[in-house]
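Inspection log for the structure reproduced underneath, given as structure tokens.
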Amino acid sequence: MDWQIFGVWLAAFMTLGIISFLYKDNVFYKAAEAIFIGISAGYWFIVFFWDSMVGKFYVQAIESPEPEHHVWVGLILGILMLARLSNKVGWIARWPLAFVVGATAGLYMMMFFVSNAMVQVQSTIMPLWETGDGWFTVFNNIVIIIGVTCGLVYFFFSKKHEGAFGVAAKIGIWFLMVTFGASFGYTVMSRMSLMLGRLDFLFGTWLEMIP
Amino acid sequence: MTKQAILAGVILVVLLSAGAFGQDRPEAVVDSSNLTGAILPAPVTNIEAKNHKYDDGERIDLFWEKSVDDPDNIFGYKVYRIDKDGASELVRELLPGTTEYFDEEVENDVPYQYIVAVVGEAGEAPSEMTPEVMAAWEFFNFSKLNILILGFIVCGSVLFFISSAKSGKKLFIRKIGGLEALEEAVGRATEMGRPILFIPGILDLDDVQTLAAITILGKVSRVIADYDSKILMPVSRSLVMTSARETIKESYMSAGRPDGYNDNMVQYITDEQFGYVAAVNGIMVREKPATCLYLGAFFAESLILAETGNSIGAIQIAGTARPGQLPFFVAACDYTLIGEELFAASAYLSGDPKQLGSLKGQDIGKIVAMSAIILGTLAMTFASAWELGFMQSLLDILNSIFVTN
């Protein structure tokens with residue numbers, strides 16, 4: 001049996017099974033869905049086992065000639081997660097969750113503050129016009145300043161959007177919507193290329209209708 | 001020419017024998033074999049080696065003024081590092097025109113000295129040896145003091161508003177459209193006898209959007225528990241599953257209906273993005289939820305989910321801070337929480353003083369940002385167009401406040 005041909009046919013039927021969802025939910029979609037979920041869940045279990053348990057814990061904490069002892073903290077937190085299996089000590093499982101949530105918030109706070117706030121402010125400070133600037137550059141600079149400022153006004157939660165403040169917020173949401181429109185078109189085009197890739201597989205690799 | 005060469009050779013020999021380049025300098029450092037023929041280039045001057053400030057002790061900065069023969073009569077520069085035992089090592093060869101070198105191959109708290117030799121046709125002309133310098137570790141990075149101050153302003157505002165809210169002062173938060181509709185959406189599902197689908201994105205608990213989604217889940221599940229409705233929550237991460245179960249369980253308990261909760265409300269599907277999407281789509285068309293909530297971090301699956309929800313006639317509320325996915329939610333959902341509205345949602349819904357204070361404090365941060373942008377833009381425009389000195393000073397101040405490197 002040629003396994004390569006088998007693989008191509010299997011991939012083709014799986015592709016058609018998933019695409020058949022566009023018509024309605026049916027047995028082929030259900031089969032493709034179940035196979036996809038089952039295989040991927042098993043695959044990720046193995047990936048996590050070898051990456052985390054073996055790659056990060058066993059290799060670094062036990063096998064290494066210079067063991068990294070802090071890795072044991074991760075193992076202990078992981079074991080605490082299993083406390084959920086018991087009704088009596090299930091509450092202990094909240095500790096590792098609290099650790100993850102707290103550590104995440106603390107680690108990301110400064111990173112986001114710098115990259116999402118300070119860098120943005122610094123990048124937006126620009127001259128509206130300079131000697132030698134063309135009208136398009138001046139227009140571009142004005143659009144950026146108004147867009148950013150009005151966008152910030154929209155995300156200001158302490159004041160009602162009414163009067164001049166409301167007008168600025170309205171301009172801000174218009175800027176956002178225009179941006180979303182451009183982003184929508186751009187992304188749809190990239191999704192078209194994904195669909196063409198699948199069609200190329202079906203008509204080329206599988207049916208061999210494309211030379 | 002010959003006289004000059006001989007004179008230069010004699011001077012060099014005299015200088016070397018007099019130890020003019022430093023008594024401890026190892027002789028192997030400088031290749032002075034060619035003492036006849038071409039003239040040695042002039043050495044570099046004002047060489048200075050300094051500990052690199054505000055790092056973890058892994059760098060020494062070396063500066064010098066280039067040789068007067070640079071660039072016409074030299075091939076380049078050689079940097080020698082001399083350790084405490086007097087052993088020298090060539091650490092880098094540099095091109096003509098170079099006036100600095102950052103040595104990042106040094107050990108913490110170990111003394112080093114440096115020589116920069118100018119390489120010419122006649123050989124190498126060494127500089128004076130620098131005094132001993134050590135790469136030292138600093139506890140506090142003063143170059144980031146501005147970040148600390150700005151952080152204090154924002155965090156101080158947050159603390160101030162939290163304390164105001166706790167003291168009973170009512171803090172105003174403007175209406176957020178999608179959240180106003182939340183209770184109505186849950187009520188609709190209850191009336192129709194259909195479940196509510198809650199998707200918390202596809203990232204793990206280490207993403208703030210997932211955290212925001214779980215916080216909102218607390219309020220939503222409380223309403224669901226009050227209405228005795230049903231929630232479906234397929235997830236793609238095991239940690240999210242655990243925390244979501246905890247959250248919903250707590251909501252049911254606080255609603256006085258602990259027996260209404262069961263673990264099957266939250267189901268782990270798979271970590272695989274499109275495997276998860278295939279499963280959620282299947283759940284949607286089979287269970288036909290009346291309300292779909294997509295709150296968290298989404299990627300390419302956003303439109304697939306929202307379109308399927310649309311096809312089954314569900315009322316849909318979405319929220320994400322991923323700019324690339326917002327257009328799809330805006331196009332396909334009834335209400336969309338845009339960016340920070342997702343993070344404001346939990347404060348808005350809960351009315352918790354800590355969260356409200358945090359939101360108000362962030363608004364102070366936005367006022368600072370807006371003021372800086374407007375002031376900075378005006379200052380830069382006037383400074384460049386009319387060369388106004390005080391505007392340039394204002395701009396420099398703003399730059400020093402918002403500099404990040």
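Within each chain, counting starts at residue 1; across the structure tokens, chains are named A, B, ... in the order shown, with ligands numbered 1 upward in that order.
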**OP:** Would you list the contacts of Met380 of chain B as a ChimeraX atom specification, taking every protein, DNA or RNA residue within 7 Å and counting only C-alpha atoms, but skipping same-chain residues closer than 4 positions in sequence?
**Re:** /A:126-127 /B:376,384,392,395
Skip Met110 of chain A itself and residues of its chain fewer than 2 positions away, then list as a compact mmCIF listing (two decimals) with C-alpha atoms, in the first residue's frame all residues within 12 Å of it, counting only C-alpha atoms.
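The new file around16.txt reads:
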```txt
# COMPACT_ATOMS: atom_id res chain seq x y z
CA THR A 104 1.55 37.38 34.75
CA ALA A 105 0.06 40.67 35.87
CA GLY A 106 3.31 41.75 37.54
CA LEU A 107 5.57 40.73 34.66
CA TYR A 108 3.47 42.33 31.95
CA PHE A 112 2.78 47.07 28.49
CA PHE A 113 3.22 50.41 30.23
CA VAL A 114 6.40 51.06 28.27
CA SER A 115 5.42 49.60 24.89
CA ASN A 116 1.71 50.50 24.81
CA ALA A 117 1.87 53.89 26.48
CA MET A 118 5.28 55.56 26.57
CA LYS B 144 14.71 54.40 33.75
CA ILE B 147 9.37 55.19 33.92
CA LEU B 148 9.28 54.79 37.68
CA LEU B 150 5.26 57.89 35.48
CA GLY B 151 4.41 54.51 36.99
CA PHE B 152 4.05 56.15 40.39
CA VAL B 154 -0.55 56.22 37.35
CA CYS B 155 -0.39 53.75 40.28
CA THR B 404 12.27 54.44 27.07
```
Subject >> 9 Å contact set for Lys159 of chain A, only C-alpha atoms, chain neighbours under 4 positions out, as a PyMOL selection string >> reply: (chain A and resi 165) or (chain B and resi 172-174)
**OP:** Fewer than 4 positions away in the same chain doesn't count, so skip those; otherwise give me all residues within 9 Å of Thr210 of chain B, counting only C-alpha atoms, as a list in words.
**Re:** Pro200, Gly201, Ile202, Leu203, Asp204, Leu205, Asp206, Ile214, Thr215, Val240, Leu295, Gly296 and Ala297 of chain B
**OP:** For Asn46 of chain B, work out the shell of residues within 7 Å, counting only C-alpha atoms and skipping chain neighbours fewer than 2 positions away, then give it as a PyMOL selection string.
**Re:** chain B and resi 48+64-65
Since we have the selection now, will you write its residues out, keeping N, CA, C and O atoms, as a PDB file, in the first residue's frame?
```pdb
ATOM      1  N   GLU B  48      39.735  56.307  27.543  1.00  0.00           N
ATOM      2  CA  GLU B  48      39.006  56.231  28.809  1.00  0.00           C
ATOM      3  C   GLU B  48      38.169  54.949  28.844  1.00  0.00           C
ATOM      4  O   GLU B  48      37.458  54.645  27.876  1.00  0.00           O
ATOM      5  N   TRP B  64      37.904  56.843  23.022  1.00  0.00           N
ATOM      6  CA  TRP B  64      39.183  57.492  22.754  1.00  0.00           C
ATOM      7  C   TRP B  64      39.010  58.511  21.631  1.00  0.00           C
ATOM      8  O   TRP B  64      37.979  58.517  20.946  1.00  0.00           O
ATOM      9  N   GLU B  65      40.034  59.369  21.491  1.00  0.00           N
ATOM     10  CA  GLU B  65      40.039  60.278  20.343  1.00  0.00           C
ATOM     11  C   GLU B  65      40.930  59.667  19.287  1.00  0.00           C
ATOM     12  O   GLU B  65      42.045  59.209  19.597  1.00  0.00           O
TER      13      GLU B  65
END
```
**OP:** Tell me, as a ChimeraX atom specification, which residues lie within 10 Å of segment 147-150 of chain A, counting only C-alpha atoms; anything in the same chain fewer than 3 positions away does not count.
**Re:** /A:120-121,124,141-144,153-156,165-176 /B:366-367,369-371,373-374
Original post:
Within 10 Å of Ile317 of chain B, counting only C-alpha atoms, which residues qualify if same-chain residues fewer than 3 places away don't, as a VMD selection string?
Top reply: chain B and resid 177 to 179 181 to 182 185 198 291 to 295 306 314 329 to 330 332 to 337
With all heavy atoms retained, could you export that selection as a compact mmCIF listing (two decimals), in the first residue's frame?
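Result file follows (out-v8.txt):
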```txt
# COMPACT_ATOMS: atom_id res chain seq x y z
N GLY B 177 -21.76 50.12 25.62
CA GLY B 177 -22.90 49.54 24.91
C GLY B 177 -23.06 48.03 25.08
O GLY B 177 -24.11 47.54 25.48
N GLY B 178 -22.01 47.30 24.77
CA GLY B 178 -22.09 45.84 24.79
C GLY B 178 -22.45 45.29 26.16
O GLY B 178 -23.17 44.28 26.27
N LEU B 179 -22.00 45.97 27.19
CA LEU B 179 -22.23 45.46 28.55
C LEU B 179 -23.65 45.73 29.02
O LEU B 179 -24.21 44.98 29.80
CB LEU B 179 -21.22 46.08 29.51
CG LEU B 179 -19.78 45.73 29.17
CD1 LEU B 179 -18.84 46.47 30.09
CD2 LEU B 179 -19.55 44.25 29.26
N ALA B 181 -26.06 45.42 27.21
CA ALA B 181 -26.88 44.40 26.57
C ALA B 181 -26.67 43.01 27.17
O ALA B 181 -27.38 42.07 26.82
CB ALA B 181 -26.56 44.36 25.07
N LEU B 182 -25.70 42.89 28.06
CA LEU B 182 -25.32 41.56 28.56
C LEU B 182 -26.47 40.89 29.31
O LEU B 182 -26.81 39.73 29.03
CB LEU B 182 -24.10 41.71 29.48
CG LEU B 182 -23.24 40.48 29.65
CD1 LEU B 182 -22.68 39.98 28.34
CD2 LEU B 182 -22.12 40.77 30.62
N ALA B 185 -29.17 39.86 27.06
CA ALA B 185 -28.81 38.67 26.27
C ALA B 185 -29.00 37.39 27.08
O ALA B 185 -29.49 36.38 26.57
CB ALA B 185 -27.37 38.79 25.79
N PHE B 198 -20.01 30.73 26.08
CA PHE B 198 -18.97 31.69 26.49
C PHE B 198 -17.63 31.17 25.99
O PHE B 198 -17.18 30.10 26.40
CB PHE B 198 -18.95 31.81 28.02
CG PHE B 198 -18.12 32.97 28.51
CD1 PHE B 198 -18.74 34.12 28.99
CD2 PHE B 198 -16.74 32.92 28.51
CE1 PHE B 198 -17.98 35.20 29.45
CE2 PHE B 198 -15.98 33.99 28.96
CZ PHE B 198 -16.61 35.13 29.44
N THR B 291 -27.31 32.98 22.98
CA THR B 291 -26.36 34.08 23.17
C THR B 291 -24.94 33.54 23.08
O THR B 291 -24.63 32.51 23.68
CB THR B 291 -26.57 34.71 24.56
OG1 THR B 291 -27.91 35.19 24.65
CG2 THR B 291 -25.61 35.84 24.81
N CYS B 292 -24.11 34.21 22.30
CA CYS B 292 -22.70 33.80 22.19
C CYS B 292 -21.84 34.97 22.68
O CYS B 292 -21.98 36.10 22.19
CB CYS B 292 -22.33 33.48 20.76
SG CYS B 292 -23.17 32.04 20.12
N LEU B 293 -20.96 34.68 23.60
CA LEU B 293 -20.04 35.70 24.11
C LEU B 293 -18.62 35.29 23.75
O LEU B 293 -18.18 34.20 24.12
CB LEU B 293 -20.17 35.82 25.63
CG LEU B 293 -21.58 36.09 26.18
CD1 LEU B 293 -21.59 36.01 27.69
CD2 LEU B 293 -22.06 37.46 25.73
N TYR B 294 -17.95 36.14 22.99
CA TYR B 294 -16.56 35.87 22.63
C TYR B 294 -15.71 36.95 23.29
O TYR B 294 -15.63 38.08 22.80
CB TYR B 294 -16.35 35.95 21.12
CG TYR B 294 -17.40 35.23 20.31
CD1 TYR B 294 -18.36 35.94 19.61
CD2 TYR B 294 -17.41 33.84 20.22
CE1 TYR B 294 -19.33 35.29 18.86
CE2 TYR B 294 -18.38 33.18 19.48
CZ TYR B 294 -19.33 33.92 18.80
OH TYR B 294 -20.28 33.28 18.07
N LEU B 295 -15.11 36.64 24.39
CA LEU B 295 -14.34 37.64 25.13
C LEU B 295 -12.96 37.10 25.44
O LEU B 295 -12.84 36.08 26.12
CB LEU B 295 -15.07 38.00 26.43
CG LEU B 295 -16.49 38.55 26.27
CD1 LEU B 295 -17.25 38.51 27.58
CD2 LEU B 295 -16.47 39.95 25.70
N ALA B 306 -17.79 33.90 14.74
CA ALA B 306 -18.84 34.92 14.71
C ALA B 306 -19.83 34.66 13.58
O ALA B 306 -21.04 34.89 13.74
CB ALA B 306 -18.21 36.30 14.57
N ALA B 314 -27.98 33.70 16.92
CA ALA B 314 -27.68 34.05 18.32
C ALA B 314 -27.37 35.54 18.44
O ALA B 314 -26.85 36.15 17.50
CB ALA B 314 -26.48 33.24 18.79
N PHE B 329 -15.19 40.95 14.36
CA PHE B 329 -16.22 40.98 15.39
C PHE B 329 -17.18 42.16 15.15
O PHE B 329 -18.39 42.03 15.32
CB PHE B 329 -15.59 41.09 16.78
CG PHE B 329 -15.02 39.78 17.29
CD1 PHE B 329 -13.84 39.74 17.99
CD2 PHE B 329 -15.70 38.59 17.06
CE1 PHE B 329 -13.33 38.54 18.47
CE2 PHE B 329 -15.19 37.39 17.53
CZ PHE B 329 -14.01 37.37 18.23
N VAL B 330 -16.61 43.30 14.78
CA VAL B 330 -17.45 44.47 14.51
C VAL B 330 -18.43 44.16 13.38
O VAL B 330 -19.61 44.52 13.42
CB VAL B 330 -16.58 45.70 14.16
CG1 VAL B 330 -17.42 46.84 13.62
CG2 VAL B 330 -15.80 46.17 15.39
N ALA B 332 -19.50 41.08 12.34
CA ALA B 332 -20.40 39.93 12.48
C ALA B 332 -21.17 39.87 13.80
O ALA B 332 -22.07 39.04 13.93
CB ALA B 332 -19.60 38.64 12.29
N CYS B 333 -20.81 40.69 14.78
CA CYS B 333 -21.47 40.58 16.10
C CYS B 333 -22.41 41.77 16.35
O CYS B 333 -22.28 42.81 15.71
CB CYS B 333 -20.42 40.53 17.21
SG CYS B 333 -19.45 39.02 17.16
N ASP B 334 -23.30 41.60 17.30
CA ASP B 334 -24.24 42.67 17.62
C ASP B 334 -23.55 43.79 18.41
O ASP B 334 -23.84 44.96 18.23
CB ASP B 334 -25.39 42.09 18.44
CG ASP B 334 -26.14 41.04 17.65
OD1 ASP B 334 -26.91 41.43 16.76
OD2 ASP B 334 -25.93 39.84 17.89
N TYR B 335 -22.68 43.40 19.33
CA TYR B 335 -21.96 44.38 20.14
C TYR B 335 -20.50 43.94 20.22
O TYR B 335 -20.21 42.75 20.31
CB TYR B 335 -22.51 44.47 21.57
CG TYR B 335 -23.96 44.89 21.64
CD1 TYR B 335 -24.97 43.94 21.72
CD2 TYR B 335 -24.30 46.24 21.60
CE1 TYR B 335 -26.30 44.33 21.79
CE2 TYR B 335 -25.63 46.64 21.67
CZ TYR B 335 -26.62 45.68 21.76
OH TYR B 335 -27.93 46.07 21.82
N THR B 336 -19.61 44.92 20.19
CA THR B 336 -18.18 44.58 20.30
C THR B 336 -17.52 45.50 21.32
O THR B 336 -17.68 46.73 21.25
CB THR B 336 -17.47 44.75 18.94
OG1 THR B 336 -18.16 43.99 17.96
CG2 THR B 336 -16.04 44.26 19.01
N LEU B 337 -16.83 44.90 22.24
CA LEU B 337 -16.01 45.67 23.18
C LEU B 337 -14.65 45.86 22.54
O LEU B 337 -13.95 44.89 22.25
CB LEU B 337 -15.87 44.93 24.51
CG LEU B 337 -17.17 44.54 25.20
CD1 LEU B 337 -16.88 43.73 26.45
CD2 LEU B 337 -17.96 45.79 25.57
```
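Residue nearest Gln209 of chain B within the list A:Ala61, A:Val101, A:Ile92, A:Val47: A:Val101 [criterion: smallest interatomic distance, only C-alpha atoms].
The closest residue to chain B, picked from A:Leu196, A:Ala98, A:Ala103, A:Ile37 and counting only C-alpha atoms, is A:Ile37.
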Subject >> DSSP-assigned strand (DSSP E) members of segment 185-333 of chain B, reported as a ChimeraX atom specification >> reply: /B:196-201,231-235,266-268,291-297,315-320
**OP:** Please identify which residues in segment 17-183 of chain B DSSP calls alpha helix (DSSP H) from the backbone, and express them as a VMD selection string.
**Re:** chain B and resid 17 to 18 145 to 166 177 to 183
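Minimum atom-to-atom distance to chain B, evaluated using only C-alpha atoms, belongs to A:Ile18 out of A:Met195, A:Ile18, A:Leu207, A:Ile5.
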**OP:** Enter the distance from atom CA of Ser20 of chain A to atom CA of Ala318 of chain B, in Å, rounded to one decimal.
**Re:** 26.3 Å
